[in-house]
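Student: Got a file for you: input30.cif, mmCIF, C-alpha atoms.
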data_model
loop_
_atom_site.label_atom_id
_atom_site.label_comp_id
_atom_site.auth_asym_id
_atom_site.auth_seq_id
_atom_site.Cartn_x
_atom_site.Cartn_y
_atom_site.Cartn_z
CA MET V 1 62.35 -25.69 167.91
CA LYS V 2 60.54 -28.25 165.83
CA SER V 3 59.93 -28.00 162.12
CA ASN V 4 56.62 -27.44 160.38
CA CYS V 5 56.10 -31.22 160.00
CA ARG V 6 55.42 -31.33 163.74
CA LYS V 7 52.15 -29.46 163.42
CA ILE V 8 49.20 -31.22 165.04
CA ARG V 9 48.11 -32.70 161.70
CA GLY V 10 51.31 -34.72 161.72
CA HIS V 11 49.90 -36.48 164.78
CA GLY V 12 46.68 -37.37 162.99
CA VAL V 13 44.50 -34.59 164.39
CA ILE V 14 42.33 -32.78 161.82
CA VAL V 15 40.38 -29.82 163.13
CA GLY V 16 37.07 -28.96 161.47
CA SER V 17 36.07 -29.36 157.84
CA LEU V 18 37.40 -26.24 156.10
CA LYS V 19 40.55 -26.41 153.98
CA SER V 20 43.75 -24.95 155.39
CA GLY V 21 46.02 -22.60 153.47
CA GLU V 22 49.20 -23.76 151.77
CA LYS V 23 51.36 -22.95 154.80
CA ASN V 24 48.62 -23.51 157.41
CA CYS V 25 49.86 -20.32 159.01
CA ILE V 26 48.80 -16.71 159.51
CA THR V 27 51.19 -15.77 156.70
CA ASP V 28 48.83 -17.48 154.25
CA VAL V 29 47.04 -14.12 154.34
CA GLU V 30 48.93 -12.29 151.63
CA GLY V 31 51.21 -9.55 152.92
CA VAL V 32 51.23 -10.65 156.57
CA LYS V 33 54.67 -11.09 158.12
CA VAL V 34 55.84 -12.56 161.43
CA GLY V 35 59.15 -12.07 163.24
CA HIS V 36 60.56 -13.50 166.47
CA VAL V 37 63.39 -12.75 168.87
CA THR V 38 64.02 -15.50 171.42
CA LEU V 39 65.98 -15.00 174.65
CA ASP V 40 67.37 -18.11 176.36
CA GLU V 41 70.37 -17.47 178.58
CA PRO V 42 71.43 -17.84 182.21
CA LEU V 43 71.36 -14.89 184.59
CA GLU V 44 72.96 -14.48 188.01
CA GLY V 45 71.69 -16.39 191.03
CA GLY V 46 70.08 -19.25 189.11
CA GLU V 47 67.80 -16.93 187.23
CA ARG V 48 67.25 -17.26 183.50
CA ALA V 49 66.02 -15.25 180.55
CA CYS V 50 63.47 -17.56 178.97
CA THR V 51 61.26 -15.22 177.00
CA GLY V 52 61.13 -13.14 173.83
CA VAL V 53 59.23 -10.92 171.43
CA THR V 54 57.00 -11.69 168.46
CA ALA V 55 55.93 -9.13 165.86
CA ILE V 56 53.00 -9.50 163.45
CA LEU V 57 52.92 -7.06 160.54
CA PRO V 58 49.67 -6.75 158.53
CA HIS V 59 51.64 -5.84 155.42
CA GLY V 60 55.17 -5.04 154.29
CA GLY V 61 54.61 -1.34 153.68
CA ASN V 62 54.43 1.61 156.04
CA ILE V 63 51.69 0.57 158.45
CA PHE V 64 51.24 4.07 159.89
CA LYS V 65 50.72 5.62 156.47
CA GLU V 66 48.64 2.69 155.20
CA LYS V 67 46.45 1.56 158.07
CA VAL V 68 44.22 -1.52 158.01
CA VAL V 69 40.77 -2.18 159.39
CA ALA V 70 40.94 -3.75 162.84
CA ALA V 71 39.02 -4.68 165.97
CA SER V 72 39.69 -6.34 169.31
CA TYR V 73 37.57 -8.47 171.60
CA VAL V 74 38.20 -9.15 175.27
CA ILE V 75 36.98 -12.63 176.23
CA ASN V 76 38.34 -12.28 179.77
CA GLY V 77 40.05 -9.06 180.76
CA PHE V 78 42.82 -10.11 183.14
CA GLY V 79 45.47 -8.65 180.82
CA LYS V 80 47.86 -5.74 180.41
CA THR V 81 47.69 -4.91 176.72
CA THR V 82 48.21 -1.50 175.13
CA GLY V 83 46.40 0.19 172.27
CA LEU V 84 43.10 -1.68 172.21
CA VAL V 85 40.99 1.32 173.28
CA GLN V 86 41.92 3.28 170.16
CA VAL V 87 41.70 0.22 167.91
CA ASN V 88 38.08 -0.24 168.92
CA GLU V 89 37.30 3.48 168.80
CA LEU V 90 38.62 4.06 165.28
CA GLY V 91 38.53 0.55 163.83
CA LEU V 92 42.09 0.89 162.54
CA LEU V 93 45.51 -0.66 163.13
CA GLU V 94 48.53 1.57 162.45
CA SER V 95 51.41 -0.39 164.00
CA PRO V 96 52.77 -3.91 164.16
CA ILE V 97 51.08 -6.16 166.71
CA MET V 98 53.72 -6.99 169.32
CA LEU V 99 53.63 -9.94 171.75
CA THR V 100 55.83 -10.47 174.81
CA ASN V 101 55.74 -11.20 178.56
CA THR V 102 53.77 -9.14 181.07
CA PHE V 103 56.62 -7.06 182.50
CA ALA V 104 58.14 -6.44 179.06
CA VAL V 105 55.17 -4.48 177.72
CA PRO V 106 56.82 -1.09 178.45
CA ALA V 107 60.12 -2.06 176.79
CA VAL V 108 58.43 -3.58 173.75
CA THR V 109 56.14 -0.58 173.40
CA GLN V 110 59.19 1.68 173.56
CA GLY V 111 61.03 -0.36 170.93
CA ALA V 112 58.07 -0.47 168.55
CA LEU V 113 57.62 3.27 169.03
CA GLU V 114 61.28 3.94 168.25
CA TYR V 115 61.01 1.85 165.10
CA MET V 116 57.87 3.62 163.91
CA LEU V 117 59.29 7.08 164.70
CA GLN V 118 62.46 6.31 162.76
CA ASN V 119 60.39 5.38 159.72
CA ASN V 120 57.86 8.20 160.16
CA PRO V 121 59.58 11.45 161.22
CA GLU V 122 56.28 13.33 161.02
CA ILE V 123 54.73 11.41 163.96
CA GLY V 124 54.42 13.74 166.96
CA ASP V 125 55.63 16.67 164.89
CA SER V 126 53.66 17.57 161.78
CA THR V 127 50.98 14.96 162.42
CA GLY V 128 49.44 13.22 165.45
CA THR V 129 50.87 10.52 167.67
CA ILE V 130 50.71 6.76 167.06
CA ASN V 131 48.81 3.92 168.70
CA LEU V 132 51.04 0.94 169.53
CA VAL V 133 49.41 -2.45 170.10
CA VAL V 134 51.18 -4.82 172.49
CA GLY V 135 49.79 -8.04 173.98
CA GLU V 136 51.25 -10.07 176.82
CA CYS V 137 51.17 -13.30 178.81
CA ASN V 138 52.81 -14.13 182.14
CA ASP V 139 55.80 -16.44 181.58
CA SER V 140 57.14 -16.32 185.16
CA GLN V 141 57.04 -20.13 185.54
CA LEU V 142 60.13 -20.34 183.32
CA ASN V 143 61.31 -16.76 182.83
CA SER V 144 62.90 -14.51 185.46
CA ILE V 145 60.35 -11.86 184.70
CA ARG V 146 61.54 -9.54 187.50
CA GLU V 147 64.95 -9.24 185.85
CA PHE V 148 63.50 -7.46 182.77
CA PRO V 149 65.55 -9.37 180.19
CA VAL V 150 63.56 -7.99 177.24
CA LYS V 151 64.86 -4.65 175.99
CA SER V 152 63.47 -2.18 173.46
CA ALA V 153 66.09 -3.29 170.91
CA HIS V 154 64.56 -6.77 170.92
CA ALA V 155 61.24 -5.35 169.74
CA ILE V 156 62.95 -3.52 166.89
CA GLU V 157 64.80 -6.69 165.92
CA ALA V 158 61.59 -8.75 165.90
CA ILE V 159 59.98 -6.26 163.50
CA GLN V 160 63.04 -6.26 161.27
CA GLN V 161 63.15 -10.08 161.26
CA ALA V 162 59.53 -10.41 160.12
CA THR V 163 58.98 -12.46 156.95
CA ALA V 164 56.09 -13.99 155.03
CA ASN V 165 57.56 -17.47 155.48
CA VAL V 166 55.92 -20.10 157.65
CA SER V 167 56.12 -18.74 161.18
CA LEU V 168 58.27 -20.60 163.67
CA GLU V 169 56.08 -22.04 166.42
CA GLY V 170 56.28 -23.42 169.92
CA ALA V 171 58.98 -22.23 172.34
CA VAL V 172 60.03 -19.31 170.17
CA GLY V 173 59.76 -15.53 170.40
CA ALA V 174 57.16 -14.42 172.93
CA GLY V 175 56.26 -18.10 173.37
CA LYS V 176 59.64 -19.17 174.74
CA GLY V 177 58.54 -19.29 178.39
CA MET V 178 54.81 -19.98 178.05
CA VAL V 179 52.90 -22.91 179.57
CA CYS V 180 49.60 -24.30 178.25
CA PHE V 181 47.49 -26.92 180.08
CA GLY V 182 50.52 -27.72 182.24
CA TYR V 183 52.66 -28.51 179.20
CA LYS V 184 54.98 -26.40 177.07
CA GLY V 185 52.98 -23.90 175.03
CA GLY V 186 53.83 -20.74 173.13
CA ILE V 187 53.38 -19.67 169.53
CA GLY V 188 50.98 -21.56 167.27
CA SER V 189 49.44 -20.73 163.93
CA ALA V 190 46.90 -22.08 161.44
CA SER V 191 44.80 -20.90 158.50
CA ARG V 192 41.58 -21.57 156.62
CA VAL V 193 40.52 -20.91 153.04
CA ILE V 194 36.87 -20.35 152.23
CA SER V 195 35.40 -20.02 148.77
CA GLU V 196 32.13 -19.82 146.89
CA ASN V 197 31.76 -19.32 143.15
CA MET V 198 34.32 -16.66 142.19
CA HIS V 199 35.13 -15.54 145.74
CA THR V 200 38.01 -16.98 147.79
CA PHE V 201 39.22 -15.60 151.11
CA THR V 202 41.86 -16.63 153.64
CA ILE V 203 41.77 -16.50 157.43
CA GLY V 204 44.97 -16.80 159.43
CA CYS V 205 45.43 -17.13 163.18
CA LEU V 206 48.46 -16.85 165.44
CA VAL V 207 48.22 -17.50 169.17
CA LEU V 208 50.42 -16.96 172.19
CA SER V 209 49.16 -19.79 174.43
CA ASN V 210 49.73 -19.64 178.17
CA PHE V 211 46.49 -20.80 179.77
CA GLY V 212 44.67 -23.75 181.30
CA GLY V 213 45.28 -26.33 184.00
CA LYS V 214 46.49 -29.82 183.20
CA ILE V 215 43.14 -31.41 184.01
CA GLU V 216 41.32 -29.18 181.52
CA PHE V 217 42.84 -30.54 178.32
CA PRO V 218 40.30 -32.88 176.65
CA PHE V 219 42.43 -35.89 175.73
CA ASP V 220 39.23 -37.84 175.12
CA LYS V 221 38.29 -35.38 172.37
CA TYR V 222 41.65 -35.84 170.64
CA PRO V 223 42.27 -39.62 170.90
CA ALA V 224 45.25 -39.35 168.54
CA ILE V 225 47.05 -37.31 171.20
CA GLN V 226 48.59 -39.56 173.82
CA THR V 227 51.24 -38.51 176.31
CA LYS V 228 53.22 -40.11 179.09
CA VAL V 229 54.47 -36.73 180.26
CA GLN V 230 53.29 -35.71 183.71
CA GLY V 231 53.12 -31.99 183.06
CA VAL V 232 53.05 -29.19 185.63
CA ASN V 233 50.23 -29.48 188.15
CA GLU V 234 50.28 -25.91 189.43
CA THR V 235 51.06 -22.92 187.24
CA PRO V 236 50.43 -19.19 187.65
CA ASP V 237 47.21 -17.86 186.16
CA GLY V 238 47.84 -17.61 182.44
CA SER V 239 46.46 -15.99 179.32
CA ILE V 240 46.15 -16.27 175.57
CA ILE V 241 46.54 -13.62 172.89
CA ILE V 242 44.83 -14.53 169.62
CA VAL V 243 45.74 -12.60 166.48
CA LEU V 244 43.27 -13.09 163.63
CA ALA V 245 44.03 -11.93 160.07
CA THR V 246 41.94 -12.10 156.91
CA ASP V 247 41.93 -10.75 153.39
CA ALA V 248 38.13 -10.74 153.33
CA PRO V 249 36.68 -7.24 152.82
CA VAL V 250 35.05 -6.86 156.22
CA SER V 251 34.34 -3.79 158.34
CA ASP V 252 35.67 -3.34 161.85
CA ARG V 253 32.23 -4.31 163.16
CA GLN V 254 32.29 -7.51 161.12
CA LEU V 255 35.83 -8.18 162.34
CA LEU V 256 34.55 -7.89 165.89
CA ARG V 257 31.94 -10.53 165.12
CA MET V 258 34.67 -12.79 163.72
CA ALA V 259 36.88 -12.16 166.75
CA LYS V 260 34.12 -13.36 169.05
CA ARG V 261 34.11 -16.72 167.24
CA CYS V 262 37.76 -17.23 168.23
CA GLY V 263 36.42 -17.84 171.71
CA ILE V 264 34.65 -20.92 170.35
CA GLY V 265 37.95 -22.37 169.17
CA LEU V 266 39.53 -21.55 172.53
CA GLY V 267 36.70 -23.25 174.39
CA ARG V 268 36.93 -26.36 172.23
CA THR V 269 40.46 -26.97 173.51
CA GLY V 270 39.20 -27.10 177.09
CA SER V 271 39.47 -23.52 178.34
CA HIS V 272 36.68 -22.05 180.43
CA PHE V 273 38.22 -18.54 180.42
CA SER V 274 39.41 -18.69 184.02
CA HIS V 275 39.32 -15.76 186.44
CA GLY V 276 43.00 -14.89 186.14
CA SER V 277 43.33 -15.37 182.39
CA GLY V 278 43.70 -12.53 179.92
CA ASP V 279 41.99 -13.96 176.84
CA ILE V 280 42.15 -11.31 174.14
CA VAL V 281 41.61 -11.31 170.36
CA ILE V 282 43.14 -8.75 168.01
CA ALA V 283 41.78 -8.96 164.45
CA PHE V 284 42.57 -7.15 161.22
CA SER V 285 41.73 -7.27 157.51
CA THR V 286 44.22 -6.57 154.76
CA ALA V 287 41.53 -6.04 152.11
CA HIS V 288 41.71 -2.25 152.30
CA LYS V 289 44.52 0.14 153.16
CA ILE V 290 43.39 3.46 154.63
CA PRO V 291 45.83 6.33 153.97
CA HIS V 292 46.89 8.42 156.93
CA ASN V 293 46.54 11.60 154.89
CA SER V 294 43.77 12.44 152.45
CA GLU V 295 42.11 15.67 151.40
CA ASP V 296 38.96 13.82 150.38
CA PRO V 297 36.40 13.81 153.24
CA THR V 298 34.93 10.50 152.06
CA PHE V 299 36.11 7.15 150.79
CA THR V 300 34.38 4.12 149.33
CA HIS V 301 35.10 0.51 150.25
CA THR V 302 33.39 -2.76 149.41
CA TYR V 303 32.31 -4.93 152.34
CA MET V 304 30.81 -8.37 152.77
CA ARG V 305 27.05 -8.73 152.89
CA GLU V 306 26.05 -9.69 156.40
CA ASP V 307 23.53 -12.29 155.27
CA HIS V 308 25.73 -13.98 152.67
CA PRO V 309 26.71 -17.61 153.38
CA LEU V 310 30.38 -16.62 153.22
CA MET V 311 30.00 -14.76 156.52
CA ASN V 312 29.10 -18.00 158.27
CA GLN V 313 32.15 -19.62 156.71
CA LEU V 314 34.30 -16.77 157.99
CA PHE V 315 32.91 -17.37 161.48
CA ALA V 316 33.61 -21.11 161.20
CA GLY V 317 37.10 -20.43 159.87
CA ALA V 318 37.93 -18.17 162.80
CA ALA V 319 36.88 -20.88 165.27
CA GLU V 320 38.69 -23.70 163.45
CA ALA V 321 41.92 -21.76 162.90
CA THR V 322 42.04 -20.74 166.57
CA GLU V 323 41.55 -24.29 167.82
CA GLU V 324 44.21 -25.67 165.49
CA ALA V 325 46.65 -22.86 166.24
CA ILE V 326 46.42 -23.67 169.96
CA LEU V 327 47.05 -27.36 169.29
CA ASN V 328 49.99 -26.40 167.06
CA SER V 329 51.47 -24.32 169.87
CA LEU V 330 51.51 -27.49 171.96
CA SER V 331 52.73 -29.89 169.28
CA GLN V 332 55.53 -27.59 168.12
CA ALA V 333 56.85 -26.77 171.59
CA VAL V 334 59.86 -28.54 173.06
CA THR V 335 60.68 -29.32 176.68
CA THR V 336 62.18 -26.18 178.18
CA ILE V 337 64.39 -25.53 181.22
CA GLY V 338 63.85 -22.14 182.81
CA ARG V 339 64.69 -20.20 185.93
CA ARG V 340 65.84 -21.98 189.08
CA GLY V 341 65.82 -25.27 187.22
CA HIS V 342 62.08 -25.23 186.51
CA ILE V 343 61.23 -27.63 183.70
CA VAL V 344 58.09 -27.69 181.58
CA GLU V 345 57.86 -30.69 179.30
CA SER V 346 56.39 -30.90 175.84
CA MET V 347 53.13 -32.80 175.67
CA PHE V 348 54.68 -34.63 172.73
CA SER V 349 58.01 -35.57 174.34
#
Would you put the structure from the file into structure tokens?
Tutor:
Amino acid sequence: MKSNCRKIRGHGVIVGSLKSGEKNCITDVEGVKVGHVTLDEPLEGGERACTGVTAILPHGGNIFKEKVVAASYVINGFGKTTGLVQVNELGLLESPIMLTNTFAVPAVTQGALEYMLQNNPEIGDSTGTINLVVGECNDSQLNSIREFPVKSAHAIEAIQQATANVSLEGAVGAGKGMVCFGYKGGIGSASRVISENMHTFTIGCLVLSNFGGKIEFPFDKYPAIQTKVQGVNETPDGSIIIVLATDAPVSDRQLLRMAKRCGIGLGRTGSHFSHGSGDIVIAFSTAHKIPHNSEDPTFTHTYMREDHPLMNQLFAGAAEATEEAILNSLSQAVTTIGRRGHIVESMFS
């Protein structure tokens, strides 16, 4: 793992014109926490666990009892996520957002469920059930995905490890075995701060990058990025999960509009949203907490005006933060040895 100084800005690449947050990370959005569990160990027969779990918490309280406004957007639907149907139906998030590999979705869902049940004994008893949100990418280039190395306990540990510190990036957590543009990818994060007069809002983005062929990366667009590393010519169809957070008081419909702009940032890095790629955005706002129980049939919240200039800045911030988070996932990743001796090198080796 490389330290925060290895973010893409340390290589002379500045994305966009908006100011980044103090940590240039999704945790710049107050209350947001990120936790990782990384698995890197040999298995029998030359196989290897090269994978992990990442948990994103919208706040440090009880997420089921204090839900947040949320939305999701499917750019390309070749993915195996859970929970997005209800998120879009109700416009609410009531669990941590969990990231892992494709075949670990059941185990991670189970672990997140166990954690939430332990902290909310009324779920499934005196109140309804819970909607768990889990996103995935296929890390089978490096990880022995058929061996199911991720267990439910790893999901619980990732949630418990979550902090508001600068998130670790690169080959860590769910990003341990991921490949991006033929080079080592994984977890990346970035943030943007927008302000006008007395109003200041933060946008944070965290990505799990595992997409793109080597020929797609636009080195000519980023002349400061030079590499002598050959990279992997052929990789399995990949994906990207984009998690977008903001403290701006936006509705779930406005969040959906912001989530769509993440696709702009993804496209700027060279992706054309390939056939076999699951390109999915999960967005939430921490501005309002919606109680699970209330006897009042109505509630009042303040939301952004659609035609205010700040909305355009929010759109621009979502695009910029996504682009930079993807580049950070590449710059922070280290060369990784996986199953059967497969090696994926860092673009910045």
Student: If the PyMOL selection byres ((chain V and resi 182-196) around 7) is run on the structure shown, which residues does it catch, given as a PyMOL selection string?
Tutor: chain V and resi 18-21+24-26+28+169-172+175-176+178-181+197-210+213-214+231-233+235+313+317+321+324-326+328-330+333-335+344-347
Student: Can you list, as a ChimeraX atom specification, the residues that the PyMOL selection byres ((chain V and resi 285-301) around 8) selects here?
Tutor: /V:31,58-59,64-70,245-250,255,283-284,302-303
Student: Please list as number ranges by chain every residue within 9 Å of Thr51 in chain V, counting only C-alpha atoms and excluding residues in the same chain fewer than 5 positions away.
Tutor: V: 37-40, 100-101, 139, 142-145, 149-150, 171-178
Student: Kindly export the residues of the current selection with C-alpha atoms, as a JSON list (two decimals), in the coordinates of the input.
Tutor:
[["chain", "number", "residue", "atom", "x", "y", "z"],
["V", 37, "VAL", "CA", 63.39, -12.75, 168.87],
["V", 38, "THR", "CA", 64.02, -15.50, 171.42],
["V", 39, "LEU", "CA", 65.98, -15.00, 174.65],
["V", 40, "ASP", "CA", 67.37, -18.11, 176.36],
["V", 100, "THR", "CA", 55.83, -10.47, 174.81],
["V", 101, "ASN", "CA", 55.74, -11.20, 178.56],
["V", 139, "ASP", "CA", 55.80, -16.44, 181.58],
["V", 142, "LEU", "CA", 60.13, -20.34, 183.32],
["V", 143, "ASN", "CA", 61.31, -16.76, 182.83],
["V", 144, "SER", "CA", 62.90, -14.51, 185.46],
["V", 145, "ILE", "CA", 60.35, -11.86, 184.70],
["V", 149, "PRO", "CA", 65.55, -9.37, 180.19],
["V", 150, "VAL", "CA", 63.56, -7.99, 177.24],
["V", 171, "ALA", "CA", 58.98, -22.23, 172.34],
["V", 172, "VAL", "CA", 60.03, -19.31, 170.17],
["V", 173, "GLY", "CA", 59.76, -15.53, 170.40],
["V", 174, "ALA", "CA", 57.16, -14.42, 172.93],
["V", 175, "GLY", "CA", 56.26, -18.10, 173.37],
["V", 176, "LYS", "CA", 59.64, -19.17, 174.74],
["V", 177, "GLY", "CA", 58.54, -19.29, 178.39],
["V", 178, "MET", "CA", 54.81, -19.98, 178.05]]
Student: Run through the PyMOL selection byres ((chain V and resi 166) around 8) on the given coordinates and return the selected residues as a list in words.
Tutor: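 Those residues are Asn4, Lys23, Cys25, Thr27, Ala164, Asn165, Ser167 and Leu168 of chain V.
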Student: Counting only C-alpha atoms, which residues come within 6 Å of (65.2, -17.1, 182.9), with the point read in the file's coordinates, and could you list them as a ChimeraX atom specification?
Tutor: /V:47-50,143-144,338-339
Student: Could you check which of V:Ile225, V:Ile241, V:Ala162, V:Ile123 is closest to Thr81 in chain V, using only C-alpha atoms?
Tutor: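 Checking each candidate against Thr81 in chain V, we get V:Ile241 as the closest.
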Student: CA of Ser277 in chain V and CA of Gly79 in chain V, how far apart in Å?
Tutor: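 It comes out at 7.2 Å.
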Student: In Å, rounded to a single decimal, give me how far CA of Gly278 in chain V is from CA of Lys260 in chain V.
Tutor: 14.5 Å
Student: Pick out the closest residue to Ser140 in chain V from this set: V:Gly270, V:Gly276, V:Gly60, V:Gly238. Count all atoms listed in the file.
Tutor: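 That would be V:Gly238, the residue with the smallest distance to Ser140 in chain V.
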Student: Which residue is closest to Val29 in chain V? Choose from V:Leu266, V:Leu244, V:Val85, V:Met98 and count only C-alpha atoms.
Tutor: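 That would be V:Leu244, the residue with the smallest distance to Val29 in chain V.
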Student: Name the closest residue to Lys221 in chain V among the candidates V:Asn76, V:Ala71, V:Ser251, V:Thr269; distances are taken between atoms, counting all atoms listed in the file.
Tutor: V:Thr269
Student: Between CA of Val134 in chain V and CA of Ala153 in chain V, measure the distance and give it in Å to one decimal.
Tutor: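 Going from CA of Val134 in chain V over to CA of Ala153 in chain V, I get 15.1 Å.
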Student: Looking at V:Val87, V:Lys7, V:Leu327, V:Gln141, which one is nearest to Pro218 in chain V, with distances taken over all atoms listed in the file?
Tutor: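 Result for the nearest residue to Pro218 in chain V: V:Leu327.
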Student: Please list as a ChimeraX atom specification every residue within 7 Å of Val74 in chain V, counting all atoms listed in the file and excluding residues in the same chain fewer than 6 positions away.
Tutor: /V:279-281
